[in-house]
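> Below is a structure I'd like to ask you about.
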Amino acid sequence: LTFATGEELCVALERLDDELSRSASGGQTTAVVARVADGKVYGASAGDSEAWPIGSSGGHARLTAHQNPKPLLGSGESMPVAFVSVPMHGRLILGSDGLFKYCSAARIVEVVRTLPLEEVATELGAAVALPNGSLQDDVAILVCEAASASR
């Protein structure tokens with residue numbers, strides 16, 4: 001299934017919200033979904049997960065700044081919000097609030113910009129871990145590089 005816009009991704013999250021609310025598990029969650037195409041990021045979010053394009057010069061934007069942190073997916077009342085970026089050159093990081101709440105923006109940007117792509121998620125996961133290795137919150141991290149990025 002290919003989605004062209006953030007609005008279409010919102011519809012998909014609304015359907016997921018409805019399905020989860022009717023399921024026997026009764027769980028609620030947050031989500032951020034994105035598609036990189038034509039040099040832009042199109043996406044949608046529900047809850048407090050985030051999406052940041054991070055340019056090779058270190059600039060970043062919080063694409064999910066206008067999202068609704070509650071109600072969560074699975075409540076049957078979630079209100080996903082669409083987003084689209086300006087042209088993207090660099091990397092895109094999607095993550096749960098367990099990353100963005102417990103790691104500084106400066107550290108996230110530094111790691112995303114400087115480490116090899118395949119090491120970014122591991123390093124950021126370690127950055128939010130407590131000394132005993134446990135986490136204060138669930139952590140999900142996905143990083144990709146824009147095909148047009150010049151590094």
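Letters A, B, ... mark the chains of the structure tokens in the order given; residue numbers begin at 1 per chain; ligand numbers begin at 1, in order shown.
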Running DSSP on the backbone, which parts of region 26-79 of chain A land in strand (DSSP E), as a list in words?

Ala31, Val32, Val33, Ala34, Arg35, Val36, Ala37, Lys40, Val41, Tyr42, Gly43, Ala44, Ser45, Ala46, Glu50, Ala51, Trp52, Pro53, Ile54 and Gly55 of chain A

> With only C-alpha atoms as the counted atoms, please give the residues lying no more than 8 Å from region 87-98 of chain A, apart from itself and same-chain residues fewer than 2 positions off, as a ChimeraX atom specification.

/A:30-33,39-41,48-56,85,100-102,112-113,128,136-146,148-151

> Quick one: residues within 9 Å of Gly74 (chain A), only C-alpha atoms, excluding same-chain residues fewer than 6 positions away - as a VMD selection string?

chain A and resid 16 to 23 26 to 30

> Excluding Ala12 (chain A) and residues on its chain fewer than 6 positions from it, collect all residues at most 12 Å away from it, counting only C-alpha atoms, and give them as an MDAnalysis selection string.

chainID A and resid 1:6 18:19 31:34 43:46 73 78:82

> Taking the DSSP assignment computed from this structure's backbone, write out as an MDAnalysis selection string all residues of chain A that belong to helix (DSSP H, G or I).

chainID A and resid 6:22 97:100 105:114 117:128

> Those same residues, written as a short mmCIF file (atom, residue, chain, number, x, y, z; two decimals), in the first residue's frame with N, CA and C atoms?


```
data_model
loop_
_atom_site.label_atom_id
_atom_site.label_comp_id
_atom_site.auth_asym_id
_atom_site.auth_seq_id
_atom_site.Cartn_x
_atom_site.Cartn_y
_atom_site.Cartn_z
N GLY A 6 0.31 13.11 3.79
CA GLY A 6 0.11 12.99 5.22
C GLY A 6 -1.34 12.76 5.57
N GLU A 7 -2.23 13.35 4.79
CA GLU A 7 -3.67 13.17 5.05
C GLU A 7 -4.08 11.72 4.87
N GLU A 8 -3.52 11.06 3.85
CA GLU A 8 -3.84 9.64 3.65
C GLU A 8 -3.25 8.78 4.77
N LEU A 9 -2.09 9.19 5.28
CA LEU A 9 -1.52 8.47 6.42
C LEU A 9 -2.37 8.69 7.67
N CYS A 10 -2.97 9.87 7.81
CA CYS A 10 -3.91 10.11 8.92
C CYS A 10 -5.09 9.16 8.85
N VAL A 11 -5.63 8.98 7.67
CA VAL A 11 -6.76 8.07 7.49
C VAL A 11 -6.34 6.65 7.90
N ALA A 12 -5.14 6.24 7.51
CA ALA A 12 -4.66 4.91 7.90
C ALA A 12 -4.54 4.79 9.42
N LEU A 13 -4.04 5.83 10.09
CA LEU A 13 -3.94 5.79 11.55
C LEU A 13 -5.32 5.80 12.20
N GLU A 14 -6.27 6.52 11.62
CA GLU A 14 -7.64 6.51 12.14
C GLU A 14 -8.25 5.12 12.04
N ARG A 15 -8.01 4.44 10.93
CA ARG A 15 -8.51 3.06 10.78
C ARG A 15 -7.86 2.14 11.80
N LEU A 16 -6.55 2.31 11.99
CA LEU A 16 -5.84 1.50 12.98
C LEU A 16 -6.39 1.77 14.38
N ASP A 17 -6.65 3.02 14.70
CA ASP A 17 -7.23 3.37 15.99
C ASP A 17 -8.55 2.63 16.21
N ASP A 18 -9.39 2.64 15.19
CA ASP A 18 -10.68 1.97 15.27
C ASP A 18 -10.50 0.46 15.48
N GLU A 19 -9.60 -0.15 14.71
CA GLU A 19 -9.36 -1.60 14.84
C GLU A 19 -8.81 -1.95 16.21
N LEU A 20 -7.85 -1.16 16.69
CA LEU A 20 -7.27 -1.43 18.00
C LEU A 20 -8.31 -1.26 19.12
N SER A 21 -9.18 -0.28 18.98
CA SER A 21 -10.18 -0.04 20.03
C SER A 21 -11.19 -1.18 20.11
N ARG A 22 -11.38 -1.91 19.01
CA ARG A 22 -12.32 -3.04 19.00
C ARG A 22 -11.64 -4.37 19.28
N ASP A 97 8.43 8.68 22.36
CA ASP A 97 8.74 9.68 23.37
C ASP A 97 9.84 9.23 24.33
N GLY A 98 10.06 7.94 24.45
CA GLY A 98 11.14 7.44 25.30
C GLY A 98 12.52 7.90 24.84
N LEU A 99 12.66 8.21 23.58
CA LEU A 99 13.91 8.80 23.08
C LEU A 99 13.90 10.30 23.31
N PHE A 100 12.89 10.98 22.81
CA PHE A 100 12.89 12.44 22.82
C PHE A 100 12.72 13.04 24.21
N ALA A 105 18.02 17.31 22.58
CA ALA A 105 17.98 17.56 21.14
C ALA A 105 19.39 17.67 20.58
N ALA A 106 20.28 18.32 21.31
CA ALA A 106 21.66 18.48 20.84
C ALA A 106 22.34 17.13 20.66
N ARG A 107 22.13 16.22 21.59
CA ARG A 107 22.75 14.89 21.48
C ARG A 107 22.14 14.10 20.32
N ILE A 108 20.84 14.17 20.16
CA ILE A 108 20.19 13.46 19.05
C ILE A 108 20.75 13.96 17.73
N VAL A 109 20.80 15.28 17.55
CA VAL A 109 21.31 15.86 16.31
C VAL A 109 22.75 15.45 16.08
N GLU A 110 23.59 15.51 17.12
CA GLU A 110 25.00 15.14 16.99
C GLU A 110 25.16 13.69 16.52
N VAL A 111 24.45 12.79 17.17
CA VAL A 111 24.56 11.36 16.83
C VAL A 111 24.05 11.11 15.41
N VAL A 112 22.90 11.65 15.08
CA VAL A 112 22.32 11.43 13.75
C VAL A 112 23.24 11.98 12.66
N ARG A 113 23.84 13.11 12.90
CA ARG A 113 24.71 13.74 11.88
C ARG A 113 26.06 13.06 11.74
N THR A 114 26.64 12.57 12.83
CA THR A 114 28.05 12.17 12.78
C THR A 114 28.31 10.68 12.69
N LEU A 117 25.11 5.52 9.55
CA LEU A 117 23.67 5.28 9.66
C LEU A 117 23.34 4.04 10.49
N GLU A 118 24.08 2.95 10.26
CA GLU A 118 23.77 1.68 10.94
C GLU A 118 24.09 1.71 12.44
N GLU A 119 24.76 2.75 12.94
CA GLU A 119 25.10 2.84 14.37
C GLU A 119 24.22 3.81 15.15
N VAL A 120 23.45 4.62 14.45
CA VAL A 120 22.69 5.69 15.10
C VAL A 120 21.69 5.16 16.12
N ALA A 121 20.84 4.22 15.75
CA ALA A 121 19.80 3.74 16.67
C ALA A 121 20.41 3.10 17.91
N THR A 122 21.47 2.32 17.73
CA THR A 122 22.13 1.68 18.88
C THR A 122 22.69 2.72 19.84
N GLU A 123 23.35 3.73 19.29
CA GLU A 123 23.94 4.78 20.14
C GLU A 123 22.87 5.58 20.87
N LEU A 124 21.79 5.93 20.19
CA LEU A 124 20.74 6.69 20.86
C LEU A 124 20.01 5.84 21.90
N GLY A 125 19.84 4.56 21.61
CA GLY A 125 19.25 3.66 22.62
C GLY A 125 20.11 3.61 23.88
N ALA A 126 21.42 3.55 23.68
CA ALA A 126 22.34 3.54 24.83
C ALA A 126 22.30 4.87 25.57
N ALA A 127 22.08 5.96 24.85
CA ALA A 127 22.06 7.29 25.47
C ALA A 127 20.89 7.46 26.44
N VAL A 128 19.81 6.74 26.23
CA VAL A 128 18.64 6.88 27.12
C VAL A 128 18.55 5.76 28.15
#
```

> How many Å separate CA of Asp38 (chain A) from CA of His66 (chain A)?

23.0 Å
